[in-house]
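**Student:** Input file: coords_15.tsv. Contents: TSV, C-alpha atoms.
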chain	number	residue	atom	x	y	z
A	1	MET	CA	-3.29	21.77	24.44
A	2	HIS	CA	-5.84	19.80	22.45
A	3	LYS	CA	-6.12	16.11	23.32
A	4	THR	CA	-7.04	13.75	20.49
A	5	PRO	CA	-8.85	10.68	21.84
A	6	SER	CA	-7.83	7.25	20.50
A	7	LEU	CA	-5.50	8.57	17.82
A	8	LEU	CA	-4.41	5.03	16.90
A	9	ALA	CA	-8.03	3.98	16.31
A	10	VAL	CA	-8.57	7.08	14.20
A	11	SER	CA	-5.44	6.32	12.16
A	12	ARG	CA	-6.56	2.76	11.48
A	13	GLN	CA	-10.02	3.94	10.45
A	14	PHE	CA	-8.52	6.56	8.16
A	15	MET	CA	-6.12	4.02	6.64
A	16	SER	CA	-9.02	1.74	5.78
A	17	LEU	CA	-11.16	4.59	4.47
A	18	CYS	CA	-8.35	6.05	2.41
A	19	PHE	CA	-7.49	2.79	0.73
A	20	THR	CA	-11.15	2.04	0.13
A	21	ALA	CA	-11.59	5.45	-1.49
A	22	LEU	CA	-8.55	4.86	-3.66
A	23	MET	CA	-9.94	1.53	-4.80
A	24	LEU	CA	-13.28	3.11	-5.70
A	25	SER	CA	-11.52	5.50	-8.06
A	26	SER	CA	-11.14	2.67	-10.62
A	27	ALA	CA	-13.21	2.43	-13.76
A	28	THR	CA	-16.89	1.56	-13.36
A	29	VAL	CA	-16.46	-1.78	-15.08
A	30	PHE	CA	-13.97	-2.78	-12.36
A	31	ALA	CA	-16.27	-1.62	-9.59
A	32	GLN	CA	-19.08	-3.82	-10.95
A	33	ALA	CA	-17.01	-7.01	-10.94
A	34	ASP	CA	-17.76	-9.54	-8.21
A	35	TYR	CA	-14.67	-10.74	-6.40
A	36	SER	CA	-16.47	-11.94	-3.29
A	37	ALA	CA	-15.41	-15.57	-3.85
A	38	VAL	CA	-11.76	-14.59	-4.21
A	39	GLU	CA	-12.00	-12.34	-1.17
A	40	ALA	CA	-13.52	-15.16	0.90
A	41	LYS	CA	-10.82	-17.62	-0.20
A	42	LEU	CA	-7.98	-15.22	0.61
A	43	SER	CA	-9.54	-14.13	3.90
A	44	LYS	CA	-9.86	-17.75	5.03
A	45	ALA	CA	-6.27	-18.53	4.06
A	46	LEU	CA	-4.84	-15.41	5.69
A	47	SER	CA	-6.79	-16.04	8.91
A	48	ALA	CA	-5.81	-19.72	9.12
A	49	ASN	CA	-3.33	-18.99	11.93
A	50	GLY	CA	-6.10	-17.64	14.14
A	51	ASN	CA	-5.49	-13.98	13.41
A	52	ASP	CA	-8.44	-12.29	11.75
A	53	THR	CA	-7.22	-10.51	8.60
A	54	PRO	CA	-9.97	-8.24	7.21
A	55	ILE	CA	-9.76	-7.34	3.54
A	56	ALA	CA	-10.65	-3.76	2.64
A	57	SER	CA	-10.96	-4.20	-1.13
A	58	VAL	CA	-10.28	-6.43	-4.12
A	59	LYS	CA	-9.98	-5.07	-7.66
A	60	PRO	CA	-8.01	-5.65	-10.85
A	61	ALA	CA	-4.41	-4.54	-10.59
A	62	GLU	CA	-2.75	-2.38	-13.21
A	63	ALA	CA	-1.00	-5.54	-14.46
A	64	ALA	CA	-3.23	-7.84	-16.52
A	65	GLY	CA	-4.12	-11.10	-14.82
A	66	LEU	CA	-3.56	-9.88	-11.27
A	67	LEU	CA	-5.91	-8.65	-8.57
A	68	GLU	CA	-4.93	-5.98	-6.08
A	69	VAL	CA	-5.95	-7.00	-2.56
A	70	VAL	CA	-5.78	-4.31	0.12
A	71	LEU	CA	-5.91	-5.42	3.75
A	72	GLU	CA	-7.29	-3.18	6.46
A	73	GLY	CA	-4.25	-1.34	7.74
A	74	GLY	CA	-2.88	-0.75	4.26
A	75	LEU	CA	-0.88	-3.86	3.32
A	76	VAL	CA	-1.25	-4.59	-0.40
A	77	LEU	CA	-1.16	-8.11	-1.85
A	78	TYR	CA	-1.35	-9.21	-5.48
A	79	ALA	CA	-3.35	-12.35	-6.23
A	80	THR	CA	-4.20	-14.39	-9.31
A	81	GLU	CA	-7.75	-13.98	-10.58
A	82	THR	CA	-8.75	-17.33	-9.05
A	83	GLY	CA	-7.25	-16.46	-5.67
A	84	ASP	CA	-5.15	-19.65	-5.69
A	85	PHE	CA	-1.86	-17.73	-5.53
A	86	PHE	CA	-0.79	-14.40	-4.08
A	87	ILE	CA	2.40	-12.48	-3.47
A	88	ALA	CA	3.15	-9.94	-0.74
A	89	GLY	CA	5.23	-7.19	-2.29
A	90	ASP	CA	5.12	-4.02	-4.32
A	91	LEU	CA	4.06	-3.87	-7.95
A	92	TYR	CA	6.19	-1.67	-10.19
A	93	GLN	CA	5.16	-0.15	-13.50
A	94	ILE	CA	7.76	0.57	-16.18
A	95	SER	CA	6.97	4.00	-17.61
A	96	ASP	CA	8.71	6.61	-19.74
A	97	GLU	CA	9.67	8.36	-16.46
A	98	GLY	CA	11.21	5.18	-15.00
A	99	LEU	CA	9.94	2.71	-12.42
A	100	VAL	CA	6.73	3.62	-10.57
A	101	ASN	CA	5.92	1.83	-7.31
A	102	LEU	CA	2.14	1.56	-7.60
A	103	ALA	CA	1.61	0.15	-4.10
A	104	GLU	CA	3.68	2.90	-2.51
A	105	ARG	CA	1.70	5.52	-4.40
A	106	LYS	CA	-1.46	4.28	-2.67
A	107	ARG	CA	0.27	4.23	0.73
A	108	GLU	CA	1.32	7.85	0.21
A	109	GLY	CA	-2.30	8.91	-0.21
A	110	ALA	CA	-3.28	7.10	2.96
A	111	ARG	CA	-0.41	8.60	5.00
A	112	LYS	CA	-1.33	12.08	3.85
A	113	ALA	CA	-4.97	11.64	4.87
A	114	ILE	CA	-4.01	10.21	8.27
A	115	LEU	CA	-1.55	12.97	9.14
A	116	ASP	CA	-3.84	15.69	7.78
A	117	ALA	CA	-6.36	14.51	10.39
A	118	VAL	CA	-3.96	15.05	13.32
A	119	PRO	CA	-4.59	18.49	14.86
A	120	VAL	CA	-1.60	20.73	14.28
A	121	GLU	CA	-1.94	22.00	17.85
A	122	ASP	CA	-0.98	18.49	19.03
A	123	MET	CA	2.39	18.88	17.28
A	124	ILE	CA	5.36	21.10	18.09
A	125	VAL	CA	5.61	23.32	15.05
A	126	PHE	CA	8.44	25.51	13.79
A	127	THR	CA	6.87	27.96	11.33
A	128	PRO	CA	8.75	30.24	8.91
A	129	GLU	CA	8.52	33.95	9.62
A	130	GLY	CA	7.51	34.59	6.02
A	131	GLU	CA	5.39	32.63	3.58
A	132	VAL	CA	4.83	28.94	4.31
A	133	ARG	CA	5.57	27.23	0.98
A	134	GLY	CA	5.42	23.65	2.23
A	135	TYR	CA	5.72	21.48	5.32
A	136	ILE	CA	7.09	18.20	6.59
A	137	ASN	CA	5.89	15.97	9.43
A	138	VAL	CA	8.75	14.58	11.52
A	139	PHE	CA	8.43	11.75	14.05
A	140	THR	CA	11.22	12.59	16.48
A	141	ASP	CA	13.02	11.51	19.64
A	142	VAL	CA	15.20	13.97	21.56
A	143	THR	CA	17.81	11.26	22.31
A	144	CYS	CA	18.36	10.45	18.61
A	145	PHE	CA	21.62	11.82	17.12
A	146	TYR	CA	20.19	12.32	13.64
A	147	CYS	CA	17.06	13.93	15.10
A	148	GLN	CA	19.37	16.41	16.78
A	149	LYS	CA	21.25	16.92	13.53
A	150	LEU	CA	18.04	17.57	11.60
A	151	HIS	CA	16.84	19.96	14.30
A	152	ARG	CA	19.97	22.07	13.86
A	153	GLU	CA	18.79	22.63	10.27
A	154	VAL	CA	15.26	23.77	11.14
A	155	ASP	CA	16.30	27.40	10.61
A	156	GLN	CA	17.50	26.49	7.11
A	157	LEU	CA	14.22	24.74	6.37
A	158	ASN	CA	12.24	27.70	7.69
A	159	ALA	CA	14.32	30.06	5.55
A	160	LYS	CA	13.20	28.07	2.50
A	161	GLY	CA	9.56	28.45	3.56
A	162	ILE	CA	9.25	24.91	4.96
A	163	GLU	CA	7.28	24.43	8.16
A	164	VAL	CA	8.51	21.62	10.43
A	165	ARG	CA	5.78	19.75	12.32
A	166	TYR	CA	7.10	17.44	15.03
A	167	LEU	CA	5.33	14.37	16.35
A	168	ALA	CA	6.67	12.34	19.27
A	169	TYR	CA	8.19	8.91	18.71
A	170	PRO	CA	10.21	7.61	21.68
A	171	ARG	CA	12.31	4.88	20.06
A	172	ALA	CA	12.77	2.89	23.27
A	173	GLY	CA	9.07	2.89	24.15
A	174	MET	CA	6.77	4.72	26.48
A	175	GLU	CA	8.68	3.80	29.66
A	176	SER	CA	11.94	5.22	28.34
A	177	ASP	CA	13.85	8.32	29.34
A	178	GLY	CA	13.22	9.62	25.82
A	179	ALA	CA	9.45	9.42	26.33
A	180	LYS	CA	9.72	11.44	29.54
A	181	LYS	CA	11.85	14.08	27.80
A	182	LEU	CA	9.40	14.31	24.92
A	183	ALA	CA	6.56	14.77	27.41
A	184	THR	CA	8.56	17.55	29.07
A	185	ALA	CA	8.69	19.41	25.75
A	186	TRP	CA	5.03	18.84	24.88
A	187	CYS	CA	3.90	19.91	28.37
A	188	ALA	CA	5.90	23.15	28.33
A	189	ASP	CA	4.40	26.57	27.71
A	190	ASN	CA	7.35	27.36	25.42
A	191	GLN	CA	7.41	24.05	23.56
A	192	GLN	CA	9.79	25.04	20.78
A	193	GLU	CA	12.39	26.39	23.21
A	194	ILE	CA	12.25	23.36	25.53
A	195	LEU	CA	12.43	20.88	22.64
A	196	THR	CA	15.47	22.72	21.29
A	197	GLN	CA	17.18	22.68	24.67
A	198	LEU	CA	16.52	18.98	25.16
A	199	LYS	CA	17.89	18.18	21.70
A	200	SER	CA	20.95	20.23	22.58
A	201	GLY	CA	21.61	18.03	25.62
A	202	VAL	CA	20.40	20.47	28.27
A	203	ALA	CA	19.27	18.62	31.43
A	204	LEU	CA	15.81	19.80	32.45
A	205	PRO	CA	13.38	18.67	35.17
A	206	THR	CA	10.90	16.10	33.92
A	207	ASN	CA	7.40	17.43	33.36
A	208	GLU	CA	4.73	14.89	32.39
A	209	CYS	CA	1.23	16.29	32.02
A	210	ALA	CA	-1.94	14.25	31.59
A	211	ASP	CA	-2.84	15.55	28.14
A	212	ALA	CA	0.55	15.09	26.44
A	213	PRO	CA	-0.10	13.14	23.20
A	214	ILE	CA	3.17	11.15	23.37
A	215	ALA	CA	1.56	7.70	23.60
A	216	ASP	CA	-0.98	8.44	20.88
A	217	GLN	CA	1.64	9.76	18.48
A	218	TYR	CA	3.97	6.83	19.25
A	219	GLN	CA	1.15	4.39	18.42
A	220	LEU	CA	0.31	6.39	15.31
A	221	GLY	CA	3.91	6.11	14.15
A	222	GLN	CA	3.87	2.36	14.71
A	223	ALA	CA	0.62	2.07	12.73
A	224	LEU	CA	2.34	3.89	9.87
A	225	GLY	CA	5.22	1.42	9.95
A	226	ILE	CA	7.76	3.72	11.58
A	227	ARG	CA	10.51	1.92	13.47
A	228	GLY	CA	13.21	4.57	13.85
A	229	THR	CA	13.79	8.31	13.96
A	230	PRO	CA	13.79	10.74	12.43
A	231	ALA	CA	10.97	9.54	10.18
A	232	ILE	CA	9.87	12.27	7.81
A	233	VAL	CA	6.57	12.31	5.95
A	234	THR	CA	6.17	15.03	3.36
A	235	SER	CA	2.99	17.02	2.81
A	236	GLU	CA	2.14	14.57	-0.01
A	237	GLY	CA	2.56	11.48	2.16
A	238	VAL	CA	6.01	10.44	0.91
A	239	MET	CA	7.92	8.56	3.62
A	240	VAL	CA	11.56	9.58	4.09
A	241	PRO	CA	13.19	7.17	6.56
A	242	GLY	CA	16.13	8.70	8.35
A	243	TYR	CA	17.96	12.00	8.17
A	244	LYS	CA	18.07	14.10	5.01
A	245	PRO	CA	19.80	17.50	4.86
A	246	ALA	CA	17.72	20.64	4.45
A	247	ASN	CA	18.66	21.14	0.79
A	248	ALA	CA	17.65	17.56	-0.08
A	249	LEU	CA	14.31	17.93	1.68
A	250	ALA	CA	13.66	21.22	-0.07
A	251	ALA	CA	14.42	19.57	-3.40
A	252	MET	CA	11.95	16.78	-2.65
A	253	LEU	CA	9.28	19.41	-2.03
A	254	GLY	CA	10.27	21.27	-5.21
A	255	LEU	CA	11.31	24.33	-3.20
A	256	ASN	CA	15.03	24.69	-3.99
Go ahead and render the structure in this file as structure tokens.
**Tutor:**
Amino acid sequence: MHKTPSLLAVSRQFMSLCFTALMLSSATVFAQADYSAVEAKLSKALSANGNDTPIASVKPAEAAGLLEVVLEGGLVLYATETGDFFIAGDLYQISDEGLVNLAERKREGARKAILDAVPVEDMIVFTPEGEVRGYINVFTDVTCFYCQKLHREVDQLNAKGIEVRYLAYPRAGMESDGAKKLATAWCADNQQEILTQLKSGVALPTNECADAPIADQYQLGQALGIRGTPAIVTSEGVMVPGYKPANALAAMLGLN
């Protein structure tokens, strides 16, 4: 099993890099503007409580008169051009296709880059026998009812050409029974079989090996804002909180 060192640190670095890259994709005239004074004012205000709050980028928002301020870690703020006022929330664009969440679109790109950097061999993967037409990443806990429900539909997902890539997320923390059970699955030679048995309620001896990535993946999930399971992230970085049936997931991937 491959061990990824400091996965949380890697995820934070990728989040910052991804958002910085997304900001640099703006028009050249925006890139040439100097917002250092606004950045300094906002940074000072945000750090007034003693917590350092680094700012990754400042650029004009899609809405006239607003600046888009991205904090390291991915939080997006919208400030006035003087930096005297800001709001913490998502900016929506009204388009012919409906409402577009512009902030969430940027977060999707960052999630995709972060999860693409996690070695697949550190996940427990259920791969279709035929062509792989798409995949989902699923932060899971064996003690979660809806995780168990989703797992019973893995065969349906595989039949539609969807690969299921599991990451560990013990809801009750690293000292919980769920964390020990997840480690038992990740440390097994037959990971898929053991994970399936544990999600079916089979009592198995605990097996915790040194290189199980449970803690790293739990921290990664927290860095991505995950608080419950199952938490599904599509191949394009779209976050799907909670259970969705196989047909709905396939539709989201355009594979129905």
**Student:** Between A:Asn207, A:Gln217, A:Asn247, A:Thr143, single out the one closest to Ile162 of chain A, counting only C-alpha atoms.
**Tutor:**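 Of A:Asn207, A:Gln217, A:Asn247, A:Thr143, the one nearest Ile162 of chain A, counting only C-alpha atoms, is A:Asn247.
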**Student:** Determine, counting all atoms listed in the file, which protein, DNA and RNA residues have an atom within 10 Å of an atom of Asp155 of chain A; residues of the same chain fewer than 3 positions away are not included. Present the result as a PDB file with C-alpha atoms, keeping the file's coordinate frame.
**Tutor:**
ATOM      1  CA  PHE A 126       8.440  25.510  13.790  1.00  0.00           C
ATOM      2  CA  THR A 127       6.870  27.960  11.330  1.00  0.00           C
ATOM      3  CA  PRO A 128       8.750  30.240   8.910  1.00  0.00           C
ATOM      4  CA  HIS A 151      16.840  19.960  14.300  1.00  0.00           C
ATOM      5  CA  ARG A 152      19.970  22.070  13.860  1.00  0.00           C
ATOM      6  CA  ASN A 158      12.240  27.700   7.690  1.00  0.00           C
ATOM      7  CA  ALA A 159      14.320  30.060   5.550  1.00  0.00           C
ATOM      8  CA  LYS A 160      13.200  28.070   2.500  1.00  0.00           C
ATOM      9  CA  GLY A 161       9.560  28.450   3.560  1.00  0.00           C
ATOM     10  CA  ILE A 162       9.250  24.910   4.960  1.00  0.00           C
ATOM     11  CA  GLU A 163       7.280  24.430   8.160  1.00  0.00           C
ATOM     12  CA  VAL A 164       8.510  21.620  10.430  1.00  0.00           C
ATOM     13  CA  ALA A 246      17.720  20.640   4.450  1.00  0.00           C
TER      14      ALA A 246
END
**Student:** Can you work out the spacing between atom CA of Asp34 of chain A and atom CA of Val70 of chain A in Å, to one decimal?
**Tutor:**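 Atom CA of Val70 of chain A lies 15.5 Å from atom CA of Asp34 of chain A.
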**Student:** Which of these, A:Ile94, A:Ala56, A:Leu195, A:Ala48, has the shortest distance to Gln148 of chain A once you count only C-alpha atoms?
**Tutor:**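 Smallest distance to Gln148 of chain A is found for A:Leu195.
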**Student:** Which of these residues is nearest to Ala212 of chain A, using all atoms listed in the file: A:Ser43, A:Thr196, A:Thr184, A:Thr53?
**Tutor:** A:Thr184
**Student:** For Ala215 of chain A, which of A:Arg227, A:Arg165, A:Lys244, A:Arg171 is the closest residue, counting all atoms listed in the file?
**Tutor:**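 Of the candidates, the smallest distance to Ala215 of chain A is held by A:Arg171.
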**Student:** Expressed in Å to a single decimal, how great is the separation between atom CA of Arg111 of chain A and atom CA of Tyr166 of chain A?
**Tutor:**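 Computed distance, atom CA of Arg111 of chain A to atom CA of Tyr166 of chain A, equals 15.3 Å.
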**Student:** Would you work out the distance separating atom CA of Lys44 of chain A from atom CA of Thr80 of chain A, expressed in Å to one decimal?
**Tutor:**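 It comes out at 15.8 Å.
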**Student:** Could you check the closest approach to Gly173 of chain A for each of A:Ala110, A:Leu75, A:Ile214, A:Leu253 and tell me which residue wins, using only C-alpha atoms?
**Tutor:**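 For Gly173 of chain A, the nearest of the given residues is A:Ile214.
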**Student:** Which protein, DNA or RNA residues have an atom at most 6 Å from (-4.4, -9.8, -3.1), counting all atoms listed in the file? List them as JSON, numbers by chain.
**Tutor:** {"A": [67, 68, 69, 77, 78, 79, 86]}
**Student:** Show me a table, sorted first by chain and then by increasing residue number, of the residues of segment 32-126 of chain A having an atom at most 12 Å from segment 188-194 of chain A, each with its shortest atom pair and the distance in Å to one decimal, counting all atoms listed in the file and written as a Markdown table.
**Tutor:**
| residue | atom | partner | partner_atom | distance |
| --- | --- | --- | --- | --- |
| A:Glu121 | CA | A:Gln191 | CA | 11.1 |
| A:Asp122 | CA | A:Gln191 | CA | 11.0 |
| A:Met123 | CA | A:Gln191 | CA | 9.6 |
| A:Ile124 | CA | A:Gln192 | CA | 6.5 |
| A:Val125 | CA | A:Gln192 | CA | 7.3 |
| A:Phe126 | CA | A:Gln192 | CA | 7.1 |
**Student:** I'd like to know which of A:Arg133, A:Lys199, A:Lys112, A:Lys180 is closest to Asn256 of chain A, using only C-alpha atoms.
**Tutor:** A:Arg133
**Student:** Please write segment 155-168 of chain A of the preceding block to a file containing N, CA and C atoms, as a PDB file, in the first residue's frame?
**Tutor:**
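The resulting out15.pdb:
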ATOM      1  N   ASP A 155     -22.782  -2.192  -7.313  1.00  0.00           N
ATOM      2  CA  ASP A 155     -22.914  -3.036  -8.506  1.00  0.00           C
ATOM      3  C   ASP A 155     -23.689  -2.304  -9.607  1.00  0.00           C
ATOM      4  N   GLN A 156     -24.735  -1.570  -9.215  1.00  0.00           N
ATOM      5  CA  GLN A 156     -25.498  -0.807 -10.203  1.00  0.00           C
ATOM      6  C   GLN A 156     -24.631   0.281 -10.840  1.00  0.00           C
ATOM      7  N   LEU A 157     -23.853   0.953 -10.009  1.00  0.00           N
ATOM      8  CA  LEU A 157     -22.962   1.993 -10.523  1.00  0.00           C
ATOM      9  C   LEU A 157     -21.925   1.395 -11.473  1.00  0.00           C
ATOM     10  N   ASN A 158     -21.344   0.273 -11.061  1.00  0.00           N
ATOM     11  CA  ASN A 158     -20.367  -0.394 -11.921  1.00  0.00           C
ATOM     12  C   ASN A 158     -20.988  -0.819 -13.244  1.00  0.00           C
ATOM     13  N   ALA A 159     -22.229  -1.284 -13.193  1.00  0.00           N
ATOM     14  CA  ALA A 159     -22.912  -1.719 -14.414  1.00  0.00           C
ATOM     15  C   ALA A 159     -23.109  -0.565 -15.392  1.00  0.00           C
ATOM     16  N   LYS A 160     -23.153   0.652 -14.866  1.00  0.00           N
ATOM     17  CA  LYS A 160     -23.294   1.836 -15.712  1.00  0.00           C
ATOM     18  C   LYS A 160     -21.928   2.390 -16.141  1.00  0.00           C
ATOM     19  N   GLY A 161     -20.861   1.683 -15.761  1.00  0.00           N
ATOM     20  CA  GLY A 161     -19.519   2.115 -16.139  1.00  0.00           C
ATOM     21  C   GLY A 161     -18.903   3.116 -15.174  1.00  0.00           C
ATOM     22  N   ILE A 162     -19.475   3.220 -13.963  1.00  0.00           N
ATOM     23  CA  ILE A 162     -18.992   4.199 -12.984  1.00  0.00           C
ATOM     24  C   ILE A 162     -18.107   3.511 -11.950  1.00  0.00           C
ATOM     25  N   GLU A 163     -16.888   3.972 -11.838  1.00  0.00           N
ATOM     26  CA  GLU A 163     -15.952   3.459 -10.847  1.00  0.00           C
ATOM     27  C   GLU A 163     -16.197   4.190  -9.522  1.00  0.00           C
ATOM     28  N   VAL A 164     -16.194   3.444  -8.426  1.00  0.00           N
ATOM     29  CA  VAL A 164     -16.405   4.014  -7.101  1.00  0.00           C
ATOM     30  C   VAL A 164     -15.076   3.975  -6.350  1.00  0.00           C
ATOM     31  N   ARG A 165     -14.591   5.169  -5.969  1.00  0.00           N
ATOM     32  CA  ARG A 165     -13.319   5.302  -5.270  1.00  0.00           C
ATOM     33  C   ARG A 165     -13.594   5.757  -3.846  1.00  0.00           C
ATOM     34  N   TYR A 166     -13.349   4.883  -2.880  1.00  0.00           N
ATOM     35  CA  TYR A 166     -13.635   5.197  -1.480  1.00  0.00           C
ATOM     36  C   TYR A 166     -12.429   5.820  -0.788  1.00  0.00           C
ATOM     37  N   LEU A 167     -12.719   6.865  -0.002  1.00  0.00           N
ATOM     38  CA  LEU A 167     -11.765   7.429   0.940  1.00  0.00           C
ATOM     39  C   LEU A 167     -12.368   7.322   2.326  1.00  0.00           C
ATOM     40  N   ALA A 168     -11.517   7.213   3.336  1.00  0.00           N
ATOM     41  CA  ALA A 168     -11.987   6.996   4.705  1.00  0.00           C
ATOM     42  C   ALA A 168     -12.347   8.316   5.378  1.00  0.00           C
TER      43      ALA A 168
END
